[in-house]
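Here is the structure we will look at, set down as structure tokens.
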Amino acid sequence: MVNMNNMMKQVQKMQKDMQKAQADLEASEFTASDHNHLVEVTVNGKKQVLRLEIQPELVDPEDPAMLEDILIATLNEAFVKVDQATEEKMGRFTQGLNLPF
């Protein structure tokens, strides 16, 4: 019975640690920019866009597709950063558990 109580305490502690890590992650900000630094995007851990900065020289009314492509690529880079941070912070909780999903 003592082992079961210890195991339950460990599970509860891990659950609290996971909740804290998730809350920390959601409150974190991730910034990405294109290679020329003409677009900068900041998102939070919930993948919500917080800021978007576009340098005026990028805005070409004759070529909106270029701006769209750069925005999409920069947003996707920011979301990849969120995914990587999520894996780093949350992966330690499932490491070695052989979960089927």
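Labels used: A, B, ... for chains in the order of the structure tokens, numbers from 1 for residues in each chain, and numbers from 1 for ligands as shown.
Residues in contact with Ser33 in chain A at up to 6 Å, not including ones fewer than 6 positions away on its chain and judged by only C-alpha atoms, are Val39, Glu40 and Thr74 of chain A.
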**Study point:** Shell around Leu38 in chain A at 12 Å using only C-alpha atoms, local window under 4 positions removed, as a list in words
**Key:**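 These residues fall inside the cut-off: Ala32, Ser33, Asp34, Leu52, Glu53, Ile54, Gln55, Pro56, Glu57, Leu58, Val59, Met66, Leu67, Ile70, Leu71 and Thr74 of chain A.
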Practice item. Using only C-alpha atoms, determine which residues lie at most 10 Å from Val82 in chain A, disregarding the query and same-chain residues fewer than 2 positions distant; provide the list as a list in words. Key: Leu25, Glu26, Ser28, Glu29, Phe30, Thr31, Val43, Asn44, Gly45, Lys46, Lys47, Asn76, Glu77, Ala78, Phe79, Val80, Gln84, Ala85, Thr86, Glu87 and Glu88 of chain A
Could you please write out, as a JSON list (two decimals) with N, CA and C atoms, in the first residue's frame, every residue of chain A that DSSP assigns to strand (DSSP E or B)?
```
[["chain", "number", "residue", "atom", "x", "y", "z"],
["A", 29, "GLU", "N", 6.80, 33.75, -25.55],
["A", 29, "GLU", "CA", 6.70, 34.38, -26.85],
["A", 29, "GLU", "C", 7.82, 33.86, -27.74],
["A", 30, "PHE", "N", 7.50, 33.67, -29.02],
["A", 30, "PHE", "CA", 8.44, 33.16, -30.01],
["A", 30, "PHE", "C", 8.43, 34.11, -31.19],
["A", 31, "THR", "N", 9.62, 34.53, -31.60],
["A", 31, "THR", "CA", 9.74, 35.50, -32.69],
["A", 31, "THR", "C", 10.52, 34.88, -33.84],
["A", 32, "ALA", "N", 10.03, 35.15, -35.03],
["A", 32, "ALA", "CA", 10.71, 34.70, -36.25],
["A", 32, "ALA", "C", 10.72, 35.85, -37.24],
["A", 33, "SER", "N", 11.73, 35.85, -38.09],
["A", 33, "SER", "CA", 11.77, 36.86, -39.15],
["A", 33, "SER", "C", 12.32, 36.22, -40.41],
["A", 39, "VAL", "N", 10.16, 41.13, -42.41],
["A", 39, "VAL", "CA", 8.95, 40.73, -41.69],
["A", 39, "VAL", "C", 9.38, 40.09, -40.39],
["A", 40, "GLU", "N", 8.73, 40.49, -39.30],
["A", 40, "GLU", "CA", 8.98, 39.87, -38.01],
["A", 40, "GLU", "C", 7.64, 39.53, -37.39],
["A", 41, "VAL", "N", 7.52, 38.29, -36.91],
["A", 41, "VAL", "CA", 6.28, 37.80, -36.33],
["A", 41, "VAL", "C", 6.57, 37.31, -34.92],
["A", 42, "THR", "N", 5.72, 37.66, -33.98],
["A", 42, "THR", "CA", 5.81, 37.15, -32.61],
["A", 42, "THR", "C", 4.51, 36.44, -32.29],
["A", 43, "VAL", "N", 4.63, 35.18, -31.84],
["A", 43, "VAL", "CA", 3.47, 34.38, -31.45],
["A", 43, "VAL", "C", 3.67, 33.90, -30.03],
["A", 44, "ASN", "N", 2.58, 33.49, -29.40],
["A", 44, "ASN", "CA", 2.71, 32.90, -28.07],
["A", 44, "ASN", "C", 2.67, 31.37, -28.19],
["A", 49, "VAL", "N", -0.96, 34.96, -32.92],
["A", 49, "VAL", "CA", -0.07, 36.03, -33.37],
["A", 49, "VAL", "C", -0.24, 37.22, -32.43],
["A", 50, "LEU", "N", 0.87, 37.68, -31.86],
["A", 50, "LEU", "CA", 0.86, 38.81, -30.94],
["A", 50, "LEU", "C", 1.29, 40.10, -31.63],
["A", 51, "ARG", "N", 2.31, 39.97, -32.50],
["A", 51, "ARG", "CA", 2.82, 41.14, -33.21],
["A", 51, "ARG", "C", 3.22, 40.73, -34.62],
["A", 52, "LEU", "N", 3.06, 41.67, -35.52],
["A", 52, "LEU", "CA", 3.48, 41.48, -36.90],
["A", 52, "LEU", "C", 4.04, 42.80, -37.39],
["A", 53, "GLU", "N", 5.31, 42.78, -37.75],
["A", 53, "GLU", "CA", 5.97, 43.99, -38.24],
["A", 53, "GLU", "C", 6.41, 43.75, -39.68],
["A", 54, "ILE", "N", 6.03, 44.70, -40.55],
["A", 54, "ILE", "CA", 6.40, 44.63, -41.96],
["A", 54, "ILE", "C", 7.13, 45.91, -42.31]]
```
Check your understanding: Can you tell me, as a list in words, what residues are no more than 8 Å from range 16-22 of chain A when counting only C-alpha atoms, ignoring any on the same chain fewer than 4 positions away?
Key ->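 Everything that qualifies: Gln12, Glu26, Lys89, Met90 and Phe93 of chain A.
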Exercise for review: Using backbone DSSP assignments, extract all helix (DSSP H, G or I) residues from chain A; output them as a PyMOL selection string.
Suggested key: chain A and resi 2-27+56-58+64-94
Practice item. Have a look at A:Pro61, A:Ala73, A:Lys13, A:Asp83 and name the one nearest to His35 in chain A; count only C-alpha atoms. Key: A:Ala73
Revision key, fill the gap. Atom pair CA of Asp63 in chain A + CA of His37 in chain A, distance 18.3 Å
Practice item. Would you mind reading off the distance between CA of Gly91 in chain A and CA of Ile72 in chain A, one decimal, in Å? Key: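 Distance between the two atoms: 27.1 Å.
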Point to revise | Gap from CA of Gln95 in chain A to CA of Asn3 in chain A - Å, one decimal | key: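 Answer for the CA of Gln95 in chain A to CA of Asn3 in chain A separation: 22.0 Å.
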